[in-house]
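> Next up, target-v7.tsv (TSV, C-alpha atoms).
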chain	number	residue	atom	x	y	z
A	1	MET	CA	-1.50	36.26	-6.28
A	2	THR	CA	-3.74	33.61	-7.60
A	3	ARG	CA	-3.41	31.55	-4.39
A	4	THR	CA	-4.02	34.59	-2.20
A	5	GLY	CA	-7.23	35.46	-4.04
A	6	ARG	CA	-8.53	31.90	-3.60
A	7	GLY	CA	-7.84	32.07	0.11
A	8	ARG	CA	-9.97	35.19	0.57
A	9	SER	CA	-12.77	33.63	-1.42
A	10	HIS	CA	-12.72	30.52	0.77
A	11	ARG	CA	-12.88	32.51	4.01
A	12	SER	CA	-15.79	34.54	2.69
A	13	LYS	CA	-17.82	31.41	2.01
A	14	LYS	CA	-17.22	30.17	5.53
A	15	LYS	CA	-18.57	33.37	6.96
A	16	ARG	CA	-21.71	33.20	4.85
A	17	ILE	CA	-22.39	29.61	5.93
A	18	THR	CA	-21.96	30.51	9.59
A	19	LEU	CA	-24.37	33.43	9.36
A	20	ALA	CA	-26.97	31.31	7.57
A	21	LEU	CA	-26.94	28.67	10.31
A	22	SER	CA	-27.21	31.02	13.26
A	23	PRO	CA	-31.00	31.76	12.99
A	24	LEU	CA	-31.75	28.04	12.71
A	25	VAL	CA	-29.89	27.32	15.89
A	26	ALA	CA	-31.78	30.09	17.69
A	27	VAL	CA	-35.15	28.67	16.62
A	28	ALA	CA	-34.18	25.15	17.68
A	29	VAL	CA	-33.34	26.41	21.15
A	30	ALA	CA	-36.52	28.50	21.47
A	31	VAL	CA	-39.01	25.71	20.64
A	32	PRO	CA	-38.25	23.50	23.67
A	33	LEU	CA	-38.41	26.54	25.93
A	34	MET	CA	-41.90	27.45	24.69
A	35	ASN	CA	-43.19	23.87	24.93
A	36	SER	CA	-41.98	23.49	28.48
A	37	ALA	CA	-44.36	26.24	29.62
A	38	GLY	CA	-47.26	23.73	29.47
A	39	ALA	CA	-50.51	25.50	28.69
A	40	ALA	CA	-53.49	24.05	30.59
A	41	THR	CA	-55.50	21.55	28.53
A	42	PRO	CA	-59.31	21.37	28.71
A	43	SER	CA	-59.05	18.22	30.86
A	44	GLU	CA	-56.66	19.95	33.25
A	45	VAL	CA	-59.00	22.93	33.47
A	46	THR	CA	-61.84	20.59	34.42
A	47	ALA	CA	-59.71	18.76	36.99
A	48	ASP	CA	-58.38	21.96	38.57
A	49	CYS	CA	-61.85	23.51	38.77
A	50	SER	CA	-63.36	20.34	40.20
A	51	ALA	CA	-60.64	20.20	42.88
A	52	ASN	CA	-60.85	23.95	43.56
A	53	SER	CA	-57.09	24.04	42.98
A	54	ASP	CA	-55.06	26.74	44.72
A	55	LYS	CA	-53.48	27.44	41.32
A	56	LEU	CA	-56.71	29.16	40.32
A	57	GLU	CA	-57.64	32.78	40.70
A	58	ASN	CA	-61.18	31.97	39.58
A	59	CYS	CA	-63.23	29.30	37.82
A	60	GLU	CA	-66.69	29.85	36.41
A	61	PHE	CA	-69.35	28.37	34.20
A	62	VAL	CA	-70.30	30.61	31.27
A	63	ASP	CA	-73.81	29.97	29.93
A	64	VAL	CA	-74.33	30.17	26.17
A	65	GLN	CA	-77.88	28.90	25.65
A	66	PHE	CA	-80.74	27.31	27.60
A	67	LYS	CA	-83.88	25.26	27.07
A	68	ARG	CA	-86.77	25.07	29.54
A	69	ASP	CA	-89.05	22.05	30.08
A	70	ASN	CA	-86.35	19.57	29.10
A	71	LEU	CA	-87.66	16.14	30.11
A	72	GLY	CA	-85.22	13.99	32.06
A	73	PRO	CA	-84.88	10.18	32.14
A	74	ASN	CA	-88.02	8.03	32.26
A	75	GLN	CA	-88.13	6.45	35.72
A	76	ARG	CA	-90.34	3.81	37.29
A	77	VAL	CA	-91.36	5.36	40.62
A	78	SER	CA	-93.63	2.74	42.18
A	79	ALA	CA	-93.75	-0.99	42.67
A	80	VAL	CA	-95.30	-3.12	39.92
A	81	THR	CA	-98.86	-4.25	40.77
A	82	ASP	CA	-100.03	-7.54	39.23
A	83	ASN	CA	-103.57	-8.01	37.88
A	84	CYS	CA	-102.65	-10.86	35.54
A	85	GLY	CA	-105.28	-13.53	34.82
A	86	SER	CA	-108.14	-11.28	35.88
A	87	THR	CA	-111.01	-10.50	33.52
A	88	SER	CA	-111.89	-7.25	35.31
A	89	THR	CA	-110.14	-4.07	36.30
A	90	ALA	CA	-108.76	-3.70	39.81
A	91	SER	CA	-108.39	-0.69	42.07
A	92	LYS	CA	-104.84	-0.65	43.44
A	93	THR	CA	-102.96	1.65	45.81
A	94	PHE	CA	-99.52	2.76	44.73
A	95	ASN	CA	-96.76	4.35	46.80
A	96	VAL	CA	-95.04	6.82	44.51
A	97	SER	CA	-91.65	8.28	45.39
A	98	THR	CA	-88.76	9.97	43.60
A	99	SER	CA	-86.51	13.01	43.94
A	100	VAL	CA	-84.86	15.60	41.73
A	101	THR	CA	-81.52	17.34	42.02
A	102	ARG	CA	-79.23	19.52	39.93
A	103	THR	CA	-76.97	17.47	37.66
A	104	ILE	CA	-73.86	18.41	35.68
A	105	GLN	CA	-72.99	16.67	32.44
A	106	LEU	CA	-69.32	17.02	31.58
A	107	GLU	CA	-66.66	14.34	31.95
A	108	ASN	CA	-66.86	10.95	33.66
A	109	GLY	CA	-66.42	11.32	37.40
A	110	PHE	CA	-66.83	15.10	37.41
A	111	THR	CA	-68.27	16.43	40.64
A	112	THR	CA	-68.41	19.79	42.40
A	113	ASP	CA	-70.37	21.45	45.18
A	114	SER	CA	-71.29	24.98	46.21
A	115	SER	CA	-68.14	25.35	48.35
A	116	THR	CA	-65.97	25.56	45.21
A	117	MET	CA	-65.62	28.53	42.89
A	118	LEU	CA	-67.17	26.54	40.04
A	119	GLY	CA	-69.99	25.17	42.20
A	120	ASN	CA	-70.86	28.66	43.40
A	121	SER	CA	-70.90	29.81	39.77
A	122	PHE	CA	-73.49	27.11	38.94
A	123	PHE	CA	-75.55	28.31	41.90
A	124	GLU	CA	-75.49	31.96	40.83
A	125	ILE	CA	-76.28	31.30	37.17
A	126	GLY	CA	-79.24	29.07	38.02
A	127	GLY	CA	-81.12	32.02	39.48
A	128	LYS	CA	-81.26	33.67	36.05
A	129	PHE	CA	-83.71	31.07	34.80
A	130	ALA	CA	-86.41	31.18	37.48
A	131	THR	CA	-89.81	32.43	36.31
A	132	ALA	CA	-93.02	33.65	37.93
A	133	ASP	CA	-94.31	30.06	37.98
A	134	ILE	CA	-91.13	28.01	38.27
A	135	ASN	CA	-88.41	27.99	40.89
A	136	ILE	CA	-85.00	26.57	39.99
A	137	THR	CA	-83.10	24.14	42.18
A	138	ARG	CA	-79.68	25.75	41.87
A	139	ASP	CA	-77.67	23.87	44.50
A	140	ASP	CA	-77.09	20.14	44.88
A	141	LYS	CA	-79.91	19.55	47.39
A	142	THR	CA	-82.69	17.13	46.47
A	143	THR	CA	-86.41	17.84	46.29
A	144	ALA	CA	-88.55	14.80	47.03
A	145	LEU	CA	-91.87	13.63	45.66
A	146	ALA	CA	-93.69	11.03	47.80
A	147	PHE	CA	-97.39	10.16	48.11
A	148	SER	CA	-99.92	7.31	47.90
A	149	ARG	CA	-102.52	7.12	45.16
A	150	THR	CA	-105.27	4.68	44.22
A	151	ASP	CA	-105.73	3.99	40.52
A	152	THR	CA	-107.14	1.43	38.12
A	153	VAL	CA	-105.11	-1.45	36.71
A	154	GLN	CA	-106.67	-2.92	33.60
A	155	ALA	CA	-107.74	-6.55	33.30
A	156	ASP	CA	-104.86	-8.97	32.68
A	157	ASN	CA	-102.30	-6.17	33.04
A	158	ILE	CA	-99.57	-5.09	35.39
A	159	GLY	CA	-99.56	-1.46	36.49
A	160	PHE	CA	-97.02	1.01	37.87
A	161	PHE	CA	-96.20	4.71	37.84
A	162	MET	CA	-93.66	6.45	35.64
A	163	TRP	CA	-92.05	9.86	36.07
A	164	SER	CA	-89.94	12.23	33.97
A	165	ALA	CA	-88.74	15.44	35.61
A	166	LYS	CA	-88.83	18.75	33.77
A	167	ARG	CA	-85.50	20.57	33.86
A	168	THR	CA	-83.95	23.73	32.51
A	169	ASP	CA	-80.95	22.65	30.43
A	170	VAL	CA	-78.25	25.35	30.47
A	171	SER	CA	-75.27	24.69	28.22
A	172	GLY	CA	-71.95	26.50	27.94
A	173	PHE	CA	-68.28	26.20	28.85
A	174	ILE	CA	-65.88	26.57	31.78
A	175	ARG	CA	-63.48	29.51	32.05
A	176	ALA	CA	-60.52	29.19	34.42
A	177	THR	CA	-58.21	32.04	35.42
A	178	TYR	CA	-54.84	30.91	36.80
A	179	LYS	CA	-52.71	32.90	39.23
A	180	GLU	CA	-49.52	32.23	37.27
A	181	PRO	CA	-49.22	32.53	33.47
A	182	GLN	CA	-48.96	29.35	31.43
A	183	ASP	CA	-47.57	29.64	27.94
A	184	GLY	CA	-47.92	33.39	28.25
A	185	GLN	CA	-51.57	33.51	29.34
A	186	THR	CA	-53.67	33.02	32.45
A	187	VAL	CA	-57.16	32.26	31.07
A	188	PHE	CA	-58.05	28.82	29.69
A	189	PHE	CA	-61.29	27.07	28.73
A	190	SER	CA	-62.98	23.70	28.77
A	191	PRO	CA	-63.86	22.42	26.25
A	192	SER	CA	-63.32	25.71	24.36
A	193	GLU	CA	-64.41	29.34	24.51
A	194	GLY	CA	-67.97	29.65	23.24
A	195	GLY	CA	-68.53	25.87	23.49
A	196	LYS	CA	-71.91	24.39	24.45
A	197	SER	CA	-71.01	20.86	25.53
A	198	VAL	CA	-71.09	21.48	29.30
A	199	HIS	CA	-74.69	20.95	30.44
A	200	VAL	CA	-76.19	21.85	33.79
A	201	PHE	CA	-79.70	20.53	34.37
A	202	TYR	CA	-81.62	22.60	36.91
A	203	PRO	CA	-84.79	20.90	38.21
A	204	GLN	CA	-87.92	23.02	37.90
A	205	ILE	CA	-89.94	23.30	41.10
A	206	LEU	CA	-93.56	24.46	41.14
A	207	LYS	CA	-94.55	27.24	43.51
A	208	ASN	CA	-96.16	24.74	45.90
A	209	GLY	CA	-92.82	22.93	46.26
A	210	THR	CA	-93.67	19.99	43.98
A	211	PRO	CA	-91.13	19.02	41.32
A	212	ASP	CA	-92.31	19.89	37.82
A	213	GLY	CA	-92.54	17.00	35.39
A	214	ARG	CA	-94.72	14.33	33.83
A	215	LEU	CA	-96.32	11.58	35.92
A	216	TRP	CA	-98.25	8.74	34.33
A	217	LEU	CA	-99.83	5.39	35.13
A	218	ARG	CA	-98.57	2.66	32.83
A	219	ASN	CA	-100.50	-0.56	32.17
A	220	VAL	CA	-98.66	-3.40	30.42
A	221	LYS	CA	-100.43	-6.47	29.00
A	222	CYS	CA	-99.54	-9.65	30.91
A	223	GLY	CA	-97.70	-12.40	29.03
A	224	THR	CA	-95.93	-9.95	26.72
A	225	PRO	CA	-92.14	-9.46	26.53
A	226	GLU	CA	-92.58	-6.02	28.05
A	227	ALA	CA	-94.40	-7.41	31.10
A	228	SER	CA	-91.99	-10.32	31.52
A	229	GLY	CA	-89.03	-7.95	31.49
A	230	LEU	CA	-90.56	-5.88	34.27
A	231	GLN	CA	-91.65	-8.84	36.40
A	232	ASN	CA	-88.24	-10.53	36.14
A	233	SER	CA	-86.17	-7.40	36.65
A	234	THR	CA	-84.19	-7.18	39.88
A	235	ARG	CA	-83.17	-3.60	39.22
A	236	ALA	CA	-85.04	-0.79	40.96
A	237	LEU	CA	-84.19	1.50	38.05
A	238	ARG	CA	-84.10	0.37	34.43
A	239	SER	CA	-84.44	2.04	31.09
A	240	GLU	CA	-88.09	2.54	30.17
A	241	ALA	CA	-89.83	3.94	27.11
A	242	GLY	CA	-91.21	7.47	27.34
A	243	PHE	CA	-94.83	8.50	27.63
A	244	GLY	CA	-96.92	7.06	24.79
A	245	ALA	CA	-93.89	5.27	23.33
A	246	GLY	CA	-94.24	1.84	24.94
A	247	GLY	CA	-95.87	0.08	21.97
A	248	GLU	CA	-99.15	-1.72	21.37
A	249	ASN	CA	-99.01	-3.71	24.61
A	250	VAL	CA	-98.62	-0.60	26.77
A	251	THR	CA	-101.24	1.97	27.80
A	252	ASP	CA	-100.20	5.27	29.42
A	253	VAL	CA	-102.49	7.68	31.28
A	254	GLU	CA	-101.01	11.03	32.34
A	255	ILE	CA	-101.79	12.34	35.81
A	256	PRO	CA	-102.37	16.11	36.05
A	257	LEU	CA	-99.82	17.89	38.24
A	258	SER	CA	-102.72	19.44	40.13
A	259	GLU	CA	-103.47	15.96	41.51
A	260	ILE	CA	-99.98	15.54	42.97
A	261	PRO	CA	-100.01	16.59	46.65
A	262	ALA	CA	-97.53	19.25	47.71
A	263	PRO	CA	-94.75	18.09	50.03
Represent the structure contained in this file as structure tokens.


Amino acid sequence: MTRTGRGRSHRSKKKRITLALSPLVAVAVAVPLMNSAGAATPSEVTADCSANSDKLENCEFVDVQFKRDNLGPNQRVSAVTDNCGSTSTASKTFNVSTSVTRTIQLENGFTTDSSTMLGNSFFEIGGKFATADINITRDDKTTALAFSRTDTVQADNIGFFMWSAKRTDVSGFIRATYKEPQDGQTVFFSPSEGGKSVHVFYPQILKNGTPDGRLWLRNVKCGTPEASGLQNSTRALRSEAGFGAGGENVTDVEIPLSEIPAP
């Protein structure tokens, strides 16, 4: 009887061990199945939206905040005129030219146009930010600024024109809706829902068709490092200090927008 009782006890323990292991096995099997679903990452959302992937039901830019009159890069928009060695001012004619276009700041290499769902979304949202005085360039077309102007270059200075476009900076995130569920859902975001790291810069255009911005004549004292850098530069575009921020060897004079001829 003693041996029989031990046998029952031993079988009972086996059953308890088996029952305890069963849930663990079920979990171990379920984890790989869930991971294999492959939820879309923010980078994949960006890539699919940029390519207008047929996996998408829709892709749109969601604006969160905006800022008007955001000044863009400082650009040299005329040739450099030399008045070095002279003891008097000189009247010089400058050919000024530049252009503005909508730009998107997201990931390296990101591009889109109005033929895509995302590009059309940028176009539609841009219209929200036009005002009675300012039109918004919503698509990816350029608006040019080109004219000739005669101005004064100071004695023993070089002179040229600088430009910084005014833009409406709209920031937000991208929302993609997929046709087929991924990891149990169809809507994904880049970089995240409610994020503000996707920037779309819409150029502001005045009612007469002229790009809005700041134009100024810059004089730089000859023989200074600043002048040498400009005279020796082979680049048409290079990084320049903003208005009034060039230092003691630089003089800036702003040109009123009313003096810029309409295109």

> Counting only C-alpha atoms, which of A:Ser91, A:Thr210, A:Ser164, A:Ser50 gets nearest to Glu259 (chain A)?

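Smallest separation from Glu259 (chain A) among the options: A:Thr210.
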
> As an exercise, work out the distance from CA of Val153 (chain A) to CA of Thr87 (chain A) in Å and give it to one decimal place.

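Going from CA of Val153 (chain A) over to CA of Thr87 (chain A), I get 11.3 Å.
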
> Using only C-alpha atoms, which residues sit within 9 Å of Leu257 (chain A) once same-chain residues fewer than 6 positions away are excluded, as number ranges by chain?

A: 210, 212-215

> Please provide the set of residues having any atom within 12 Å of Pro181 (chain A), restricted to only C-alpha atoms, with same-chain residues fewer than 5 positions apart removed, written as JSON, numbers by chain.

{"A": [37, 38, 39, 40, 55, 56, 57, 176, 186, 187, 188]}

> Can you write just those residues out, C-alpha atoms, as a short mmCIF file (atom, residue, chain, number, x, y, z; two decimals), in the frame of the given file?


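Output below, filename result.cif:
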data_model
loop_
_atom_site.label_atom_id
_atom_site.label_comp_id
_atom_site.auth_asym_id
_atom_site.auth_seq_id
_atom_site.Cartn_x
_atom_site.Cartn_y
_atom_site.Cartn_z
CA ALA A 37 -44.36 26.24 29.62
CA GLY A 38 -47.26 23.73 29.47
CA ALA A 39 -50.51 25.50 28.69
CA ALA A 40 -53.49 24.05 30.59
CA LYS A 55 -53.48 27.44 41.32
CA LEU A 56 -56.71 29.16 40.32
CA GLU A 57 -57.64 32.78 40.70
CA ALA A 176 -60.52 29.19 34.42
CA THR A 186 -53.67 33.02 32.45
CA VAL A 187 -57.16 32.26 31.07
CA PHE A 188 -58.05 28.82 29.69
#

> Kindly indicate which residue among A:Val220, A:Glu124, A:Pro263, A:Gly229 lies nearest to Glu248 (chain A), using all atoms listed in the file for the distances.

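Comparing A:Val220, A:Glu124, A:Pro263, A:Gly229 against Glu248 (chain A), the winner is A:Val220.
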
> For Thr46 (chain A), which of A:Asn249, A:Thr89, A:Gln105, A:Ser258 is the closest residue, counting all atoms listed in the file?

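Result for the nearest residue to Thr46 (chain A): A:Gln105.
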
> For Gly85 (chain A), find every residue with an atom within 10 Å (counting all atoms listed in the file), except residues of its own chain fewer than 5 positions away, and show them as a CSV table (one decimal) with C-alpha atoms, in the coordinates of the input.


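Just written: selection02.csv:
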chain,number,residue,atom,x,y,z
A,155,ALA,CA,-107.7,-6.6,33.3
A,156,ASP,CA,-104.9,-9.0,32.7
A,157,ASN,CA,-102.3,-6.2,33.0
A,222,CYS,CA,-99.5,-9.6,30.9
A,223,GLY,CA,-97.7,-12.4,29.0

> Counting all atoms listed in the file, figure out which residue out of A:Ala90, A:Ala165, A:Ile136, A:Ala227 gets nearest to Phe122 (chain A).

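Closest to Phe122 (chain A), using all atoms listed in the file: A:Ile136.
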
> Set the distance at 8 Å and use all atoms listed in the file: which residues neighbour Asp140 (chain A) once local chain neighbours fewer than 4 positions away are removed? I'd like the list as a VMD selection string.

chain A and resid 101 to 103 113 to 114

> May I have the residues within 7 Å of Met117 (chain A) as a ChimeraX atom specification, using all atoms listed in the file and disregarding those fewer than 5 positions away in the same chain?

/A:52,58-60

> Identify the residues within 6 Å of coordinate (-77.0, 26.5, 26.6) (same frame as the file), considering only C-alpha atoms, and give the answer as a PyMOL selection string.

chain A and resi 63-66+170-172+196

> Using Å and a single decimal, report how far CA of Val250 (chain A) sits from CA of Asn219 (chain A).

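Here the two named atoms are 5.7 Å from each other.
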
> In Å, with one decimal, what is the gap from CA of Ala146 (chain A) to CA of Asn208 (chain A)?

14.1 Å

> Could you give me the axis-aligned bounding box of region 86-93 of chain A, with 6 Å of padding per side, as centre plus edge lengths in Å to one decimal, as lines of an AutoDock Vina configuration file?


center_x = -107.4
center_y = -4.8
center_z = 39.7
size_x = 20.9
size_y = 24.9
size_z = 24.3

> Choose the residue, out of A:Ile125, A:Ala132, A:Ala241, A:Leu118, that has the smallest atom-to-atom separation from Val45 (chain A); count only C-alpha atoms.

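Nearest to Val45 (chain A): A:Leu118.
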
> Could you tell me which of A:Asn120, A:Ser192, A:Thr168, A:Ser99 comes closest to Lys141 (chain A) if we count all atoms listed in the file?

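The answer is A:Ser99, which sits nearest to Lys141 (chain A).
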